[in-house]
Amino acid sequence: MIIPAASWLTRLVIDSCHRRTLHGGVQLTLGLLRLRFWVPRGRTAVKQQLHRCVTCTRWRAATPQPQMGNLPRDRVTPTRPFLSTGVDYAGPILLRTSKGRGHRAHKGYIAVFICFWSKATHLEVVSDYTSEAFIAALHRFVSRRGLCAEIYSDCATAEGHRIVLAATAQGIRWHFNPPAAPHFGGLWEAAVKSTKFHLRRVIGETTLTFEELSTLLAQIEACLNSRPLQALSDDPEDVSALTPGHFLVGAPLLAVPEPSLTGQTVPTLSR
């Protein structure tokens with residue numbers, strides 16, 4: 001049966017086939033339609049009718065992606081490692097007072113420090129959620145990595161102002177993200193995710209002591225600082241990738257140590 005493409009009856013028939021095919025696409029709807037009817041320029045008519053389907057239009061809607069702004073100046077300015085640092089907490093995790101049975105576990109946290117420029121990571125175990133515990137972790141961090149010029153973090157409560165005062169006394173300028181804007185801290189949120197990735201796969205649900213967890217976090221820190229900063233290429237001449245460890249010790253922290261060759265002559269060096 002031939003029916004005109006611009007007829008209201010044609011729209012109803014196409015809509016009926018579309019619903020019978022459970023909101024199928026153009027091919028499926030047109031295939032069922034042509035079992036009984038022939039519509040001139042049928043594909044165009046089916047496309048127009050499916051475009052009017054409210055259900056299909058809702059499911060075709062694309063999630064709007066906001067345009068990414070420019071990176072902060074501290075992310076693209078070459079400096080020494082950890083001169084500009086982001087910090088966040090991971091956890092809570094359970095810590096034991098000592099080995100053996102019958103010892104209660106208490107909550108602890110992991111302070112994640114990440115360099116804005118080199119993406120080098122520093123991990124510290126924090127025994128509780130108080131400002132005194134974090135200030136102690138901050139002192140350990142700056143004693144090993146050097147004083148920071150600026151530290152960025154999420155919004156803090158009244159306890160956070162005590163931390164800012166302690167940092168200001170050492171000449172550190174503290175920056176807080178805007179409220180309800182976790183995407184501003186994507187750099188350290190990614191570091192927290194990577195830390196949990198290794199932590200869960202190594203210990204699972206095991207409860208460690210403070211010393212054991214400190215040792216494990218140092219090993220995880222070495223893994224994070226040995227990751228290539230860019231994708232590896234297939235070039236056979238490109239045997240070594242740039243890692244955060246190059247900015248800390250001159251090589252990936254997991255690299256096999258090599259003896260110094262400065263005292264040997266060129267002919268004695270093997271390939």
# chains A, B, ... in the order shown; residues from 1 in each chain; ligands from 1
>>> select_by_dssp(residues="stretch 6-217 of chain A", states="strand (DSSP E or B)", output="ChimeraX atom specification")
/A:38,84-96,105-115,121-126,150-153,173-176,208-209
>>> write_last_selection(atoms="C-alpha atoms", output="compact mmCIF listing (two decimals), in the first residue's frame")
# COMPACT_ATOMS: atom_id res chain seq x y z
CA TRP A 38 5.59 2.03 0.83
CA SER A 84 54.20 25.32 45.04
CA THR A 85 52.40 22.39 46.60
CA GLY A 86 48.88 21.00 46.82
CA VAL A 87 47.80 19.02 49.88
CA ASP A 88 44.87 16.76 50.66
CA TYR A 89 43.88 14.02 53.08
CA ALA A 90 43.19 10.39 52.14
CA GLY A 91 41.44 8.00 54.45
CA PRO A 92 40.50 7.24 57.09
CA ILE A 93 42.58 4.10 57.47
CA LEU A 94 42.93 1.86 60.51
CA LEU A 95 46.20 1.88 62.45
CA ARG A 96 47.25 -0.56 65.17
CA ALA A 105 42.88 -0.07 65.99
CA HIS A 106 42.24 3.63 65.64
CA LYS A 107 41.64 5.89 62.68
CA GLY A 108 44.56 7.45 60.85
CA TYR A 109 44.94 9.47 57.69
CA ILE A 110 47.38 9.99 54.83
CA ALA A 111 48.55 13.50 54.02
CA VAL A 112 49.24 13.75 50.28
CA PHE A 113 51.57 16.54 49.14
CA ILE A 114 52.04 17.02 45.39
CA CYS A 115 54.30 19.41 43.52
CA THR A 121 54.37 13.21 45.43
CA HIS A 122 55.16 13.09 49.14
CA LEU A 123 53.11 10.92 51.53
CA GLU A 124 52.92 11.25 55.31
CA VAL A 125 50.98 9.24 57.88
CA VAL A 126 48.84 11.35 60.22
CA GLU A 150 52.62 28.49 48.40
CA ILE A 151 50.32 25.66 49.46
CA TYR A 152 46.89 25.01 47.93
CA SER A 153 44.13 22.93 49.54
CA ARG A 173 51.25 31.48 51.73
CA TRP A 174 48.12 29.33 51.94
CA HIS A 175 45.41 29.28 49.24
CA PHE A 176 41.95 27.75 49.68
CA LEU A 208 49.09 -2.08 59.85
CA THR A 209 51.04 -0.38 62.57
>>> residues_around(residues="A:Thr195", least_positions_apart="2", cutoff="10 Å", atoms="only C-alpha atoms", output="list in words")
Ala90, Ile110, Val112, Thr121, Leu123, Glu189, Ala190, Ala191, Val192, Lys193, Phe197, His198, Leu199, Arg200, Leu217, Ile220, Glu221, Cys223 and Leu224 of chain A
>>> residues_around(residues="A:Gly146", least_positions_apart="2", cutoff="9 Å", atoms="only C-alpha atoms", output="list in words")
Pro81, Phe82, Leu83, Phe141, Val142, Ser143, Arg144 and Cys148 of chain A
>>> closest_residue(among="A:Met1, A:Met68, A:Leu50, A:Ala133", to="A:Arg36", atoms="only C-alpha atoms")
A:Met1
>>> residues_around(residues="A:Ile135", least_positions_apart="5", cutoff="12 Å", atoms="only C-alpha atoms", output="PyMOL selection string")
chain A and resi 111+124-130+140-142+159-170
>>> residues_around(residues="A:Pro244", least_positions_apart="2", cutoff="7 Å", atoms="only C-alpha atoms", output="list in words")
Ser118, Lys119, Ala120, Asn225, Ser226, His246, Phe247 and Leu248 of chain A
>>> select_by_dssp(residues="stretch 64-247 of chain A", states="alpha helix (DSSP H)", output="ChimeraX atom specification")
/A:73-76,131-145,158-168,186-203,210-224,244-247
>>> residues_around(residues="A:Val54", least_positions_apart="6", cutoff="12 Å", atoms="only C-alpha atoms", output="PyMOL selection string")
chain A and resi 15+23+60-61
>>> atom_distance(atom1="atom CA of A:Leu213", atom2="atom CA of A:Thr97")
11.6 Å
>>> atom_distance(atom1="atom CA of A:Pro64", atom2="atom CA of A:Lys47")
24.2 Å
>>> closest_residue(among="A:Pro72, A:Gly42, A:Pro236, A:Gly185", to="A:Thr29", atoms="only C-alpha atoms")
A:Gly42
>>> atom_distance(atom1="atom CA of A:Asp154", atom2="atom CA of A:Glu132")
18.0 Å
